[in-house]
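Participant: Okay, so here is target.pdb, and as you'll see once you scroll down, it has PDB, C-alpha atoms and all ligand atoms.
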```
MODEL        1
ATOM      1  CA  MET P 189      -8.306 -12.750  16.672
ATOM      2  CA  ALA P 190      -8.082 -10.597  13.569
ATOM      3  CA  ASN P 191     -10.350  -9.555  10.711
ATOM      4  CA  ILE P 192      -8.532 -10.997   7.707
ATOM      5  CA  ALA P 193      -9.349 -10.351   4.040
ATOM      6  CA  PHE P 194      -8.154 -13.163   1.754
ATOM      7  CA  ILE P 195      -8.005 -12.603  -2.028
ATOM      8  CA  GLY P 196      -7.190 -15.506  -4.364
ATOM      9  CA  LEU P 197      -8.764 -18.798  -3.287
ATOM     10  CA  GLY P 198      -7.141 -21.265  -5.695
ATOM     11  CA  ASN P 199      -5.284 -24.504  -4.992
ATOM     12  CA  MET P 200      -3.124 -22.771  -2.393
ATOM     13  CA  GLY P 201      -5.194 -19.803  -1.217
ATOM     14  CA  GLY P 202      -8.357 -21.869  -0.597
ATOM     15  CA  PRO P 203      -6.854 -24.162   2.052
ATOM     16  CA  MET P 204      -4.741 -21.338   3.511
ATOM     17  CA  ALA P 205      -7.862 -19.235   4.066
ATOM     18  CA  ALA P 206      -9.574 -22.290   5.600
ATOM     19  CA  ASN P 207      -6.708 -22.618   8.100
ATOM     20  CA  LEU P 208      -7.120 -18.982   9.143
ATOM     21  CA  VAL P 209     -10.821 -19.710   9.800
ATOM     22  CA  LYS P 210      -9.852 -22.811  11.821
ATOM     23  CA  ALA P 211      -7.465 -20.673  13.895
ATOM     24  CA  GLY P 212     -10.443 -18.499  14.900
ATOM     25  CA  HIS P 213      -9.991 -15.448  12.650
ATOM     26  CA  LYS P 214     -12.905 -13.748  10.928
ATOM     27  CA  VAL P 215     -12.022 -14.276   7.268
ATOM     28  CA  THR P 216     -13.656 -12.327   4.442
ATOM     29  CA  ALA P 217     -12.701 -13.847   1.106
ATOM     30  CA  PHE P 218     -12.871 -13.076  -2.601
ATOM     31  CA  ASP P 219     -11.904 -14.847  -5.833
ATOM     32  CA  LEU P 220     -12.963 -14.234  -9.431
ATOM     33  CA  VAL P 221     -14.082 -17.888  -9.717
ATOM     34  CA  ALA P 222     -17.500 -18.744  -8.226
ATOM     35  CA  ALA P 223     -16.555 -22.359  -7.358
ATOM     36  CA  SER P 224     -13.604 -21.118  -5.263
ATOM     37  CA  ARG P 225     -15.847 -18.657  -3.443
ATOM     38  CA  ASP P 226     -18.369 -21.447  -2.744
ATOM     39  CA  GLN P 227     -15.644 -23.669  -1.298
ATOM     40  CA  ALA P 228     -14.376 -20.842   0.923
ATOM     41  CA  LYS P 229     -17.936 -20.286   2.144
ATOM     42  CA  ALA P 230     -18.235 -23.992   2.962
ATOM     43  CA  ASP P 231     -14.944 -23.670   4.866
ATOM     44  CA  GLY P 232     -16.432 -20.921   7.043
ATOM     45  CA  ALA P 233     -15.292 -17.677   5.383
ATOM     46  CA  ALA P 234     -17.602 -14.757   4.668
ATOM     47  CA  ILE P 235     -17.688 -14.021   0.933
ATOM     48  CA  ALA P 236     -17.289 -10.466  -0.377
ATOM     49  CA  GLU P 237     -18.529  -9.189  -3.734
ATOM     50  CA  SER P 238     -15.146  -7.822  -4.770
ATOM     51  CA  SER P 239     -11.578  -7.411  -3.559
ATOM     52  CA  VAL P 240     -12.378  -3.849  -2.514
ATOM     53  CA  ALA P 241     -15.399  -5.028  -0.495
ATOM     54  CA  ALA P 242     -13.300  -7.794   1.121
ATOM     55  CA  VAL P 243     -10.714  -5.405   2.609
ATOM     56  CA  LYS P 244     -13.327  -3.176   4.280
ATOM     57  CA  GLY P 245     -12.648  -3.271   8.030
ATOM     58  CA  ALA P 246      -9.732  -5.721   7.660
ATOM     59  CA  ASP P 247      -6.748  -5.638  10.033
ATOM     60  CA  VAL P 248      -4.773  -7.902   7.706
ATOM     61  CA  VAL P 249      -5.086  -8.469   3.939
ATOM     62  CA  VAL P 250      -3.615 -11.577   2.282
ATOM     63  CA  THR P 251      -3.273 -12.094  -1.491
ATOM     64  CA  MET P 252      -2.492 -15.455  -3.148
ATOM     65  CA  LEU P 253      -2.562 -14.893  -6.911
ATOM     66  CA  PRO P 254      -0.971 -16.344 -10.050
ATOM     67  CA  ALA P 255       1.653 -13.731 -11.027
ATOM     68  CA  GLY P 256       3.042 -10.217 -10.523
ATOM     69  CA  LYS P 257       0.518  -8.526 -12.829
ATOM     70  CA  HIS P 258      -2.404  -9.941 -10.827
ATOM     71  CA  VAL P 259      -0.842  -8.878  -7.525
ATOM     72  CA  LEU P 260      -0.172  -5.324  -8.726
ATOM     73  CA  SER P 261      -3.661  -5.089 -10.193
ATOM     74  CA  VAL P 262      -5.344  -6.221  -6.943
ATOM     75  CA  TRP P 263      -3.027  -4.167  -4.695
ATOM     76  CA  ASN P 264      -3.707  -1.061  -6.842
ATOM     77  CA  GLU P 265      -7.429  -1.606  -6.226
ATOM     78  CA  VAL P 266      -7.356  -2.369  -2.522
ATOM     79  CA  VAL P 267      -4.423  -0.470  -0.989
ATOM     80  CA  PRO P 268      -5.912   3.009  -1.569
ATOM     81  CA  VAL P 269      -9.148   2.037   0.242
ATOM     82  CA  MET P 270      -7.562   0.231   3.218
ATOM     83  CA  THR P 271      -7.377   1.905   6.638
ATOM     84  CA  LYS P 272      -3.972   3.498   7.131
ATOM     85  CA  GLY P 273      -1.608   1.189   9.036
ATOM     86  CA  THR P 274      -3.267  -2.026   7.812
ATOM     87  CA  LEU P 275      -0.945  -4.955   7.089
ATOM     88  CA  ILE P 276      -0.953  -6.440   3.570
ATOM     89  CA  ILE P 277       0.824  -9.726   2.837
ATOM     90  CA  ASP P 278       1.366 -11.223  -0.611
ATOM     91  CA  CYS P 279       2.002 -14.987  -0.537
ATOM     92  CA  SER P 280       2.093 -15.480  -4.338
ATOM     93  CA  THR P 281       5.310 -16.368  -6.159
ATOM     94  CA  ILE P 282       6.073 -13.318  -8.302
ATOM     95  CA  ASP P 283       9.017 -11.443  -9.808
ATOM     96  CA  VAL P 284      11.178  -9.431  -7.435
ATOM     97  CA  GLU P 285      10.543  -6.176  -9.325
ATOM     98  CA  SER P 286       6.740  -6.430  -9.002
ATOM     99  CA  ALA P 287       7.134  -7.319  -5.319
ATOM    100  CA  LYS P 288       9.185  -4.157  -4.775
ATOM    101  CA  GLN P 289       6.577  -2.090  -6.651
ATOM    102  CA  ALA P 290       3.835  -3.562  -4.455
ATOM    103  CA  HIS P 291       5.778  -2.644  -1.296
ATOM    104  CA  ALA P 292       6.321   0.902  -2.624
ATOM    105  CA  LEU P 293       2.595   1.282  -3.282
ATOM    106  CA  ALA P 294       1.746   0.081   0.228
ATOM    107  CA  GLY P 295       4.366   2.407   1.749
ATOM    108  CA  LYS P 296       2.998   5.385  -0.186
ATOM    109  CA  HIS P 297      -0.438   4.797   1.361
ATOM    110  CA  GLY P 298       0.896   4.240   4.900
ATOM    111  CA  MET P 299       0.397   0.447   5.022
ATOM    112  CA  LEU P 300       2.655  -2.264   6.421
ATOM    113  CA  SER P 301       3.632  -4.797   3.756
ATOM    114  CA  VAL P 302       5.324  -8.187   3.493
ATOM    115  CA  ASP P 303       6.170 -10.395   0.522
ATOM    116  CA  ALA P 304       5.807 -13.955   1.836
ATOM    117  CA  PRO P 305       6.016 -16.608  -0.896
ATOM    118  CA  VAL P 306       5.688 -20.180   0.258
ATOM    119  CA  SER P 307       7.246 -23.552  -0.176
ATOM    120  CA  GLY P 308       5.422 -26.775   0.657
ATOM    121  CA  GLY P 309       2.823 -27.025  -2.110
ATOM    122  CA  THR P 310      -0.840 -27.866  -1.778
ATOM    123  CA  GLY P 311      -0.135 -30.485   0.914
ATOM    124  CA  GLY P 312       1.570 -27.830   3.024
ATOM    125  CA  ALA P 313      -1.273 -25.402   2.372
ATOM    126  CA  LYS P 314      -3.857 -27.958   3.561
ATOM    127  CA  GLY P 315      -1.832 -29.145   6.539
ATOM    128  CA  ALA P 316      -0.716 -25.632   7.614
ATOM    129  CA  THR P 317       2.901 -26.736   7.327
ATOM    130  CA  LEU P 318       4.095 -24.209   4.721
ATOM    131  CA  THR P 319       7.435 -22.425   4.907
ATOM    132  CA  PHE P 320       7.078 -18.655   4.445
ATOM    133  CA  MET P 321      10.037 -16.659   3.101
ATOM    134  CA  CYS P 322       9.417 -13.059   4.079
ATOM    135  CA  GLY P 323      10.626  -9.684   2.877
ATOM    136  CA  GLY P 324       9.765  -6.338   4.426
ATOM    137  CA  GLU P 325      10.474  -4.094   7.379
ATOM    138  CA  GLU P 326      10.945  -5.677  10.819
ATOM    139  CA  LYS P 327       7.718  -4.064  12.109
ATOM    140  CA  ALA P 328       5.694  -5.472   9.197
ATOM    141  CA  PHE P 329       7.254  -8.924   9.594
ATOM    142  CA  ALA P 330       6.477  -8.966  13.329
ATOM    143  CA  ALA P 331       2.857  -8.019  12.595
ATOM    144  CA  ALA P 332       2.549 -10.718   9.904
ATOM    145  CA  LYS P 333       4.089 -13.577  11.870
ATOM    146  CA  PRO P 334       1.050 -14.622  13.972
ATOM    147  CA  ALA P 335      -1.223 -15.019  10.920
ATOM    148  CA  LEU P 336       1.508 -16.807   8.963
ATOM    149  CA  GLU P 337       1.971 -19.203  11.897
ATOM    150  CA  ASN P 338      -1.656 -20.252  11.458
ATOM    151  CA  MET P 339      -0.862 -21.330   7.881
ATOM    152  CA  GLY P 340       2.692 -22.607   8.174
ATOM    153  CA  LYS P 341       5.388 -24.166  10.298
ATOM    154  CA  LYS P 342       8.492 -22.186   9.440
ATOM    155  CA  ILE P 343       8.481 -18.403   9.034
ATOM    156  CA  VAL P 344      11.788 -16.848   7.932
ATOM    157  CA  HIS P 345      12.539 -13.125   7.696
ATOM    158  CA  CYS P 346      14.918 -12.926   4.712
ATOM    159  CA  GLY P 347      15.432  -9.153   4.567
ATOM    160  CA  GLY P 348      13.821  -6.023   3.130
ATOM    161  CA  ALA P 349      11.234  -5.568   0.366
ATOM    162  CA  GLY P 350      11.380  -8.415  -2.196
ATOM    163  CA  ALA P 351      13.805 -10.565  -0.156
ATOM    164  CA  GLY P 352      11.193 -13.316   0.279
ATOM    165  CA  GLN P 353      10.736 -13.594  -3.492
ATOM    166  CA  ALA P 354      14.506 -13.535  -3.974
ATOM    167  CA  ALA P 355      14.923 -16.455  -1.532
ATOM    168  CA  LYS P 356      12.109 -18.391  -3.195
ATOM    169  CA  ILE P 357      13.506 -18.185  -6.748
ATOM    170  CA  CYS P 358      17.086 -18.919  -5.642
ATOM    171  CA  ASN P 359      15.887 -21.998  -3.717
ATOM    172  CA  ASN P 360      13.781 -23.247  -6.607
ATOM    173  CA  MET P 361      16.631 -22.721  -9.060
ATOM    174  CA  ILE P 362      18.728 -25.092  -6.901
ATOM    175  CA  LEU P 363      15.814 -27.544  -6.855
ATOM    176  CA  GLY P 364      15.199 -27.429 -10.627
ATOM    177  CA  ILE P 365      18.870 -27.952 -11.428
ATOM    178  CA  SER P 366      19.445 -30.668  -8.821
ATOM    179  CA  MET P 367      16.386 -32.684  -9.925
ATOM    180  CA  ILE P 368      17.750 -32.832 -13.472
ATOM    181  CA  GLY P 369      21.154 -33.882 -12.084
ATOM    182  CA  VAL P 370      19.602 -36.692 -10.051
ATOM    183  CA  GLY P 371      17.517 -37.784 -13.060
ATOM    184  CA  GLU P 372      20.638 -37.878 -15.254
ATOM    185  CA  ALA P 373      22.479 -39.972 -12.660
ATOM    186  CA  PHE P 374      19.657 -42.554 -12.535
ATOM    187  CA  ALA P 375      19.433 -42.591 -16.357
ATOM    188  CA  LEU P 376      23.186 -43.248 -16.559
ATOM    189  CA  ALA P 377      22.956 -45.924 -13.847
ATOM    190  CA  GLU P 378      20.251 -47.696 -15.886
ATOM    191  CA  LYS P 379      22.558 -47.784 -18.928
ATOM    192  CA  LEU P 380      25.376 -49.124 -16.725
ATOM    193  CA  GLY P 381      23.211 -51.898 -15.278
ATOM    194  CA  LEU P 382      23.303 -50.401 -11.767
ATOM    195  CA  SER P 383      20.057 -50.838  -9.812
ATOM    196  CA  HIS P 384      18.076 -47.815  -8.631
ATOM    197  CA  GLN P 385      18.322 -49.016  -5.034
ATOM    198  CA  ALA P 386      22.106 -49.467  -5.209
ATOM    199  CA  LEU P 387      22.617 -45.934  -6.548
ATOM    200  CA  PHE P 388      20.226 -44.579  -3.922
ATOM    201  CA  ASP P 389      21.943 -46.437  -1.063
ATOM    202  CA  VAL P 390      25.328 -45.055  -2.067
ATOM    203  CA  ALA P 391      24.433 -41.510  -3.160
ATOM    204  CA  SER P 392      21.997 -40.824  -0.301
ATOM    205  CA  THR P 393      24.829 -41.317   2.197
ATOM    206  CA  SER P 394      27.607 -39.895   0.014
ATOM    207  CA  SER P 395      28.491 -36.563  -1.532
ATOM    208  CA  GLY P 396      25.668 -36.817  -4.106
ATOM    209  CA  GLN P 397      23.130 -36.474  -1.285
ATOM    210  CA  CYS P 398      20.474 -33.774  -1.848
ATOM    211  CA  TRP P 399      16.736 -33.223  -1.252
ATOM    212  CA  ALA P 400      15.829 -34.160  -4.849
ATOM    213  CA  LEU P 401      17.356 -37.578  -4.168
ATOM    214  CA  THR P 402      16.532 -38.339  -0.544
ATOM    215  CA  SER P 403      13.064 -36.784  -0.185
ATOM    216  CA  TYR P 404      11.766 -36.733  -3.741
ATOM    217  CA  CYS P 405      13.577 -39.548  -5.539
ATOM    218  CA  PRO P 406      12.562 -39.476  -9.258
ATOM    219  CA  VAL P 407      12.403 -43.287  -9.629
ATOM    220  CA  PRO P 408       9.879 -45.537  -7.861
ATOM    221  CA  GLY P 409      11.054 -47.552  -4.872
ATOM    222  CA  PRO P 410      13.731 -45.929  -2.733
ATOM    223  CA  VAL P 411      11.509 -43.121  -1.319
ATOM    224  CA  PRO P 412       7.952 -44.539  -1.166
ATOM    225  CA  THR P 413       6.320 -41.102  -0.708
ATOM    226  CA  SER P 414       7.869 -39.533  -3.835
ATOM    227  CA  PRO P 415       5.569 -38.822  -6.859
ATOM    228  CA  ALA P 416       7.538 -41.376  -8.925
ATOM    229  CA  ASN P 417       5.579 -44.036  -6.988
ATOM    230  CA  ASN P 418       2.320 -42.439  -8.058
ATOM    231  CA  GLY P 419       2.727 -42.020 -11.819
ATOM    232  CA  TYR P 420       4.423 -38.606 -11.320
ATOM    233  CA  LYS P 421       1.152 -37.044 -10.210
ATOM    234  CA  PRO P 422       2.021 -33.636  -8.695
ATOM    235  CA  GLY P 423       3.293 -32.681  -6.160
ATOM    236  CA  PHE P 424       4.797 -29.710  -7.848
ATOM    237  CA  ALA P 425       3.831 -29.540 -11.506
ATOM    238  CA  SER P 426       6.490 -29.000 -14.176
ATOM    239  CA  ASN P 427       4.749 -25.865 -15.458
ATOM    240  CA  LEU P 428       5.167 -24.280 -12.004
ATOM    241  CA  MET P 429       8.873 -25.165 -12.154
ATOM    242  CA  VAL P 430       9.052 -23.423 -15.552
ATOM    243  CA  LYS P 431       7.419 -20.391 -13.958
ATOM    244  CA  ASP P 432       9.924 -20.244 -11.093
ATOM    245  CA  LEU P 433      12.975 -20.863 -13.307
ATOM    246  CA  THR P 434      11.749 -18.103 -15.636
ATOM    247  CA  LEU P 435      11.469 -15.733 -12.662
ATOM    248  CA  ALA P 436      15.030 -16.703 -11.712
ATOM    249  CA  GLN P 437      16.256 -16.010 -15.277
ATOM    250  CA  ASP P 438      14.430 -12.660 -15.342
ATOM    251  CA  ALA P 439      16.141 -11.739 -12.066
ATOM    252  CA  ALA P 440      19.531 -12.928 -13.343
ATOM    253  CA  ASN P 441      19.136 -10.867 -16.519
ATOM    254  CA  ALA P 442      18.033  -7.805 -14.557
ATOM    255  CA  THR P 443      20.959  -7.988 -12.140
ATOM    256  CA  GLY P 444      23.730  -9.318 -14.413
ATOM    257  CA  ALA P 445      24.083 -12.567 -12.423
ATOM    258  CA  VAL P 446      25.494 -15.423 -14.517
ATOM    259  CA  THR P 447      23.415 -18.621 -14.116
ATOM    260  CA  PRO P 448      24.126 -20.940 -17.066
ATOM    261  CA  LEU P 449      22.772 -24.060 -15.339
ATOM    262  CA  GLY P 450      19.622 -22.200 -14.266
ATOM    263  CA  LYS P 451      19.125 -21.165 -17.905
ATOM    264  CA  HIS P 452      19.696 -24.685 -19.181
ATOM    265  CA  ALA P 453      17.331 -26.139 -16.569
ATOM    266  CA  GLN P 454      14.662 -23.627 -17.651
ATOM    267  CA  GLU P 455      15.075 -24.762 -21.271
ATOM    268  CA  ILE P 456      14.821 -28.448 -20.325
ATOM    269  CA  TYR P 457      11.619 -28.003 -18.277
ATOM    270  CA  LYS P 458      10.186 -25.749 -21.022
ATOM    271  CA  ALA P 459      10.743 -28.520 -23.601
ATOM    272  CA  PHE P 460       9.060 -31.035 -21.253
ATOM    273  CA  ASP P 461       6.145 -28.622 -20.828
ATOM    274  CA  ALA P 462       5.909 -27.980 -24.599
ATOM    275  CA  ALA P 463       5.708 -31.758 -25.172
ATOM    276  CA  GLY P 464       2.464 -31.732 -23.174
ATOM    277  CA  HIS P 465       3.820 -32.686 -19.745
ATOM    278  CA  GLY P 466       3.282 -29.388 -17.907
ATOM    279  CA  GLY P 467       0.898 -31.080 -15.458
ATOM    280  CA  VAL P 468       3.344 -33.883 -14.640
ATOM    281  CA  ASP P 469       5.324 -33.602 -11.405
ATOM    282  CA  PHE P 470       8.686 -31.922 -12.048
ATOM    283  CA  SER P 471      10.546 -35.077 -10.946
ATOM    284  CA  GLY P 472       9.088 -36.665 -14.104
ATOM    285  CA  ILE P 473      11.837 -34.742 -15.913
ATOM    286  CA  ILE P 474      13.768 -38.033 -15.708
ATOM    287  CA  GLN P 475      11.453 -39.321 -18.449
ATOM    288  CA  HIS P 476      12.523 -36.412 -20.637
ATOM    289  CA  VAL P 477      16.193 -37.095 -19.821
ATOM    290  CA  ARG P 478      15.783 -40.752 -20.854
ATOM    291  CA  GLY P 479      13.945 -39.609 -24.014
ATOM    292  CA  LEU P 480      16.869 -37.403 -24.998
ATOM    293  CA  ALA P 481      19.072 -40.511 -25.056
ATOM    294  CA  ALA P 482      16.727 -42.185 -27.515
ATOM    295  CA  LYS P 483      17.006 -39.268 -29.997
TER     296      LYS P 483
HETATM  297  P1  LIG P 501      -4.380 -21.035  -8.658
HETATM  298  O1  LIG P 501      -4.381 -20.666 -10.098
HETATM  299  O2  LIG P 501      -5.000 -22.329  -8.229
HETATM  300  O3  LIG P 501      -5.086 -19.861  -7.803
HETATM  301  C1  LIG P 501      -4.997 -18.497  -8.099
HETATM  302  C2  LIG P 501      -6.369 -17.894  -7.826
HETATM  303  O4  LIG P 501      -6.304 -16.479  -8.004
HETATM  304  C3  LIG P 501      -7.460 -18.406  -8.790
HETATM  305  O5  LIG P 501      -8.500 -19.003  -8.029
HETATM  306  C4  LIG P 501      -7.912 -17.147  -9.528
HETATM  307  O6  LIG P 501      -9.284 -17.147  -9.839
HETATM  308  C5  LIG P 501      -7.566 -16.066  -8.511
HETATM  309  N1  LIG P 501      -7.447 -14.743  -9.108
HETATM  310  C6  LIG P 501      -6.717 -14.359 -10.187
HETATM  311  N2  LIG P 501      -6.853 -13.040 -10.384
HETATM  312  C7  LIG P 501      -7.683 -12.572  -9.411
HETATM  313  C8  LIG P 501      -8.209 -11.294  -9.096
HETATM  314  N3  LIG P 501      -7.928 -10.216  -9.825
HETATM  315  N4  LIG P 501      -9.006 -11.187  -8.018
HETATM  316  C9  LIG P 501      -9.315 -12.271  -7.273
HETATM  317  N5  LIG P 501      -8.864 -13.515  -7.533
HETATM  318  C10 LIG P 501      -8.060 -13.668  -8.595
HETATM  319  O7  LIG P 501      -2.853 -20.973  -8.203
HETATM  320  P2  LIG P 501      -2.209 -21.640  -6.887
HETATM  321  O8  LIG P 501      -1.691 -22.988  -7.214
HETATM  322  O9  LIG P 501      -3.155 -21.437  -5.732
HETATM  323  O10 LIG P 501      -0.921 -20.708  -6.708
HETATM  324  C11 LIG P 501      -1.015 -19.383  -6.203
HETATM  325  C12 LIG P 501       0.386 -18.816  -6.102
HETATM  326  O11 LIG P 501       1.177 -19.659  -5.244
HETATM  327  C13 LIG P 501       1.140 -18.751  -7.432
HETATM  328  O12 LIG P 501       1.877 -17.574  -7.470
HETATM  329  C14 LIG P 501       2.030 -19.983  -7.398
HETATM  330  O13 LIG P 501       3.200 -19.831  -8.182
HETATM  331  C15 LIG P 501       2.351 -20.076  -5.924
HETATM  332  N6  LIG P 501       2.702 -21.429  -5.448
HETATM  333  C16 LIG P 501       1.959 -22.508  -5.833
HETATM  334  C17 LIG P 501       2.316 -23.770  -5.371
HETATM  335  C18 LIG P 501       1.508 -24.998  -5.764
HETATM  336  O14 LIG P 501       1.987 -26.109  -5.509
HETATM  337  N7  LIG P 501       0.319 -24.834  -6.347
HETATM  338  C19 LIG P 501       3.409 -23.917  -4.512
HETATM  339  C20 LIG P 501       4.118 -22.799  -4.112
HETATM  340  C21 LIG P 501       3.748 -21.543  -4.588
ENDMDL
END
```
Can the structure from this file be put into structure tokens for me?
Facilitator:
Amino acid sequence: MANIAFIGLGNMGGPMAANLVKAGHKVTAFDLVAASRDQAKADGAAIAESSVAAVKGADVVVTMLPAGKHVLSVWNEVVPVMTKGTLIIDCSTIDVESAKQAHALAGKHGMLSVDAPVSGGTGGAKGATLTFMCGGEEKAFAAAKPALENMGKKIVHCGGAGAGQAAKICNNMILGISMIGVGEAFALAEKLGLSHQALFDVASTSSGQCWALTSYCPVPGPVPTSPANNGYKPGFASNLMVKDLTLAQDAANATGAVTPLGKHAQEIYKAFDAAGHGGVDFSGIIQHVRGLAAK
């Protein structure tokens, strides 16, 4: 079992750190927020006074933070004081450029590093069923895999530095676009007098089939576990979808990729967010689509 430092104990990091404790690791944790530290303590982690104190004696360091600036700030603090050869894994969703800068910093100080953003949300974090999309050298990935297996079900090595973040934003761009498409189809069906169930029965076994329809249907009924059956309580909040679509647009602009639907999807979720629905599950975008018709 390893000595693991865990920095960033929010909605995702808290339960992920708890799963590392459950797996038998000695976890030393830190977060800026006292309530998150208290919860981690209750879950069996030792609490450090700072990020720098947390990484002392660690074999593995994990960060789970809001955005690229937080990751670079924490990595700039902790990497220089870590023992040479230590593994550092960032599980946050951040821009590809910051991820590459973080890897470069770790490499400069002789550390192994992996970018390992996740899919699966807070349910996956609690249940240790997350998917990890990893970027980094083969040796670093191999070293990271056992700890990631304690927090997730599927661990994929996507390529070199930043490849995990690249996979994450490309996947979520598909998701953001396809959820709007499914919402538009149900909104049109409603106008045509076609029942939700009839559209679902046809499209779920036809060429319109996709995850947004069959696993996360944006109308109540056909998929009982989807947030539509629960007042669009997240799930995956719309403001997080805005974040990921913005990262995708930043990457498209930086590389010259042409993603008109990704851009339009970003604008649609941004408008939904600006109307005060940032905390609503992203499948609630169907309400926005219906609202557009009324205008
Ligand atoms: P969160 O805001 O709940 O948690 C982030 C934590 O980081 C907070 O507790 C905050 O206090 C802490 N923090 C910020 N700066 C810090 C610093 N300098 N030192 C120590 N702690 C610091 O966010 P979350 O929902 O746990 O998400 C974390 C990351 O995972 C984000 O990048 C997010 O995009 C990604 N993600 C979230 C979900 C989800 O469903 N919530 C799903 C997939 C990916």
Participant: Neighbours of stretch 335-342 of chain P within 7 Å (all atoms listed in the file; same-chain residues fewer than 4 positions away dropped), as a ChimeraX atom specification?
Facilitator: /P:204,207-208,211,313,316-320
Participant: Would you write out, as an MDAnalysis selection string, every residue that the PyMOL selection byres (((chain P and resi 371-386) around 7) and not hetatm) captures in this file?
Facilitator: chainID P and resid 367:370 387:390 406 410 474 477:478
Participant: Kindly provide, as a PyMOL selection string, all nucleotide and amino acid residues lying within 8 Å of ligand LIG 501 (chain P), counting all atoms listed in the file.
Facilitator: chain P and resi 195-202+218-221+224+238-239+252-255+258-259+261-262+279-282+305-310+423-425+428+431-432
Participant: Okay, now the selection with C-alpha atoms, as a JSON list (two decimals), in the frame of the given file?
Facilitator:
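Result written to selection-v3.json:
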```
[["chain", "number", "residue", "atom", "x", "y", "z"],
["P", 195, "ILE", "CA", -8.01, -12.60, -2.03],
["P", 196, "GLY", "CA", -7.19, -15.51, -4.36],
["P", 197, "LEU", "CA", -8.76, -18.80, -3.29],
["P", 198, "GLY", "CA", -7.14, -21.26, -5.70],
["P", 199, "ASN", "CA", -5.28, -24.50, -4.99],
["P", 200, "MET", "CA", -3.12, -22.77, -2.39],
["P", 201, "GLY", "CA", -5.19, -19.80, -1.22],
["P", 202, "GLY", "CA", -8.36, -21.87, -0.60],
["P", 218, "PHE", "CA", -12.87, -13.08, -2.60],
["P", 219, "ASP", "CA", -11.90, -14.85, -5.83],
["P", 220, "LEU", "CA", -12.96, -14.23, -9.43],
["P", 221, "VAL", "CA", -14.08, -17.89, -9.72],
["P", 224, "SER", "CA", -13.60, -21.12, -5.26],
["P", 238, "SER", "CA", -15.15, -7.82, -4.77],
["P", 239, "SER", "CA", -11.58, -7.41, -3.56],
["P", 252, "MET", "CA", -2.49, -15.46, -3.15],
["P", 253, "LEU", "CA", -2.56, -14.89, -6.91],
["P", 254, "PRO", "CA", -0.97, -16.34, -10.05],
["P", 255, "ALA", "CA", 1.65, -13.73, -11.03],
["P", 258, "HIS", "CA", -2.40, -9.94, -10.83],
["P", 259, "VAL", "CA", -0.84, -8.88, -7.52],
["P", 261, "SER", "CA", -3.66, -5.09, -10.19],
["P", 262, "VAL", "CA", -5.34, -6.22, -6.94],
["P", 279, "CYS", "CA", 2.00, -14.99, -0.54],
["P", 280, "SER", "CA", 2.09, -15.48, -4.34],
["P", 281, "THR", "CA", 5.31, -16.37, -6.16],
["P", 282, "ILE", "CA", 6.07, -13.32, -8.30],
["P", 305, "PRO", "CA", 6.02, -16.61, -0.90],
["P", 306, "VAL", "CA", 5.69, -20.18, 0.26],
["P", 307, "SER", "CA", 7.25, -23.55, -0.18],
["P", 308, "GLY", "CA", 5.42, -26.78, 0.66],
["P", 309, "GLY", "CA", 2.82, -27.02, -2.11],
["P", 310, "THR", "CA", -0.84, -27.87, -1.78],
["P", 423, "GLY", "CA", 3.29, -32.68, -6.16],
["P", 424, "PHE", "CA", 4.80, -29.71, -7.85],
["P", 425, "ALA", "CA", 3.83, -29.54, -11.51],
["P", 428, "LEU", "CA", 5.17, -24.28, -12.00],
["P", 431, "LYS", "CA", 7.42, -20.39, -13.96],
["P", 432, "ASP", "CA", 9.92, -20.24, -11.09]]
```
Participant: Going by the chain IDs and residue numbers used in this file, which residues fall under the PyMOL selection byres (((chain P and resi 294) around 12) and not hetatm)? Write them as a PyMOL selection string.
Facilitator: chain P and resi 249+260+262-278+287-293+295-303+324+328+349
Participant: Would you pick out the contacts of P:Thr443 at 12 Å or less, using all atoms listed in the file, so that residues sharing its chain but fewer than 5 positions from it are not included, and give the list as a ChimeraX atom specification?
Facilitator: /P:284-285,354,436-438
Participant: Figure out the distance between atom CA of P:Ala193 and atom CA of P:Asn360, please, to one decimal in Å.
Facilitator: 28.5 Å
Participant: So what do you get for atom CA of P:Gly348 versus atom CA of P:Asn441, distance-wise?
Facilitator: 20.9 Å
Participant: With only C-alpha atoms as the atoms that count, which of P:Gly232, P:Gly245, P:Gly311, P:Pro422 lies nearest to P:Ser471?
Facilitator: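 Of P:Gly232, P:Gly245, P:Gly311, P:Pro422, the one nearest P:Ser471 is P:Pro422, counting only C-alpha atoms.
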Participant: Which of these, P:Tyr404, P:Gly256, P:Gly350, P:Ala462, has the shortest distance to P:Asn417 once you count all atoms listed in the file?
Facilitator: P:Tyr404
Participant: Give the answer as one residue: which of P:Ala330, P:Met189, P:Ala304, P:Ala440 has the shortest atom-to-atom distance to P:Ala246, using all atoms listed in the file?
Facilitator: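 Looking at the shortest contact to P:Ala246, the residue is P:Met189.
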Participant: Report, in Å to a single decimal, how far apart atom CA of P:Met429 and atom CA of P:Ser286 are.
Facilitator: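 Spanning atom CA of P:Ser286 to atom CA of P:Met429 is a straight-line distance of 19.1 Å.
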Participant: Please evaluate the PyMOL selection byres (((chain P and resi 456) around 10) and not hetatm) against the displayed coordinates and give the resulting residues as a count of residues only.
Facilitator: 19
Participant: Give as a PDB file with C-alpha atoms, in the frame of the given file every residue, naming chains and numbers as the document does, that has an atom within 6 Å of (12.1, -13.0, 5.1), counting all atoms listed in the file.
Facilitator:
```pdb
ATOM      1  CA  MET P 321      10.037 -16.659   3.101  1.00  0.00           C
ATOM      2  CA  CYS P 322       9.417 -13.059   4.079  1.00  0.00           C
ATOM      3  CA  GLY P 323      10.626  -9.684   2.877  1.00  0.00           C
ATOM      4  CA  VAL P 344      11.788 -16.848   7.932  1.00  0.00           C
ATOM      5  CA  HIS P 345      12.539 -13.125   7.696  1.00  0.00           C
ATOM      6  CA  CYS P 346      14.918 -12.926   4.712  1.00  0.00           C
ATOM      7  CA  GLY P 347      15.432  -9.153   4.567  1.00  0.00           C
ATOM      8  CA  GLY P 352      11.193 -13.316   0.279  1.00  0.00           C
TER       9      GLY P 352
END
```
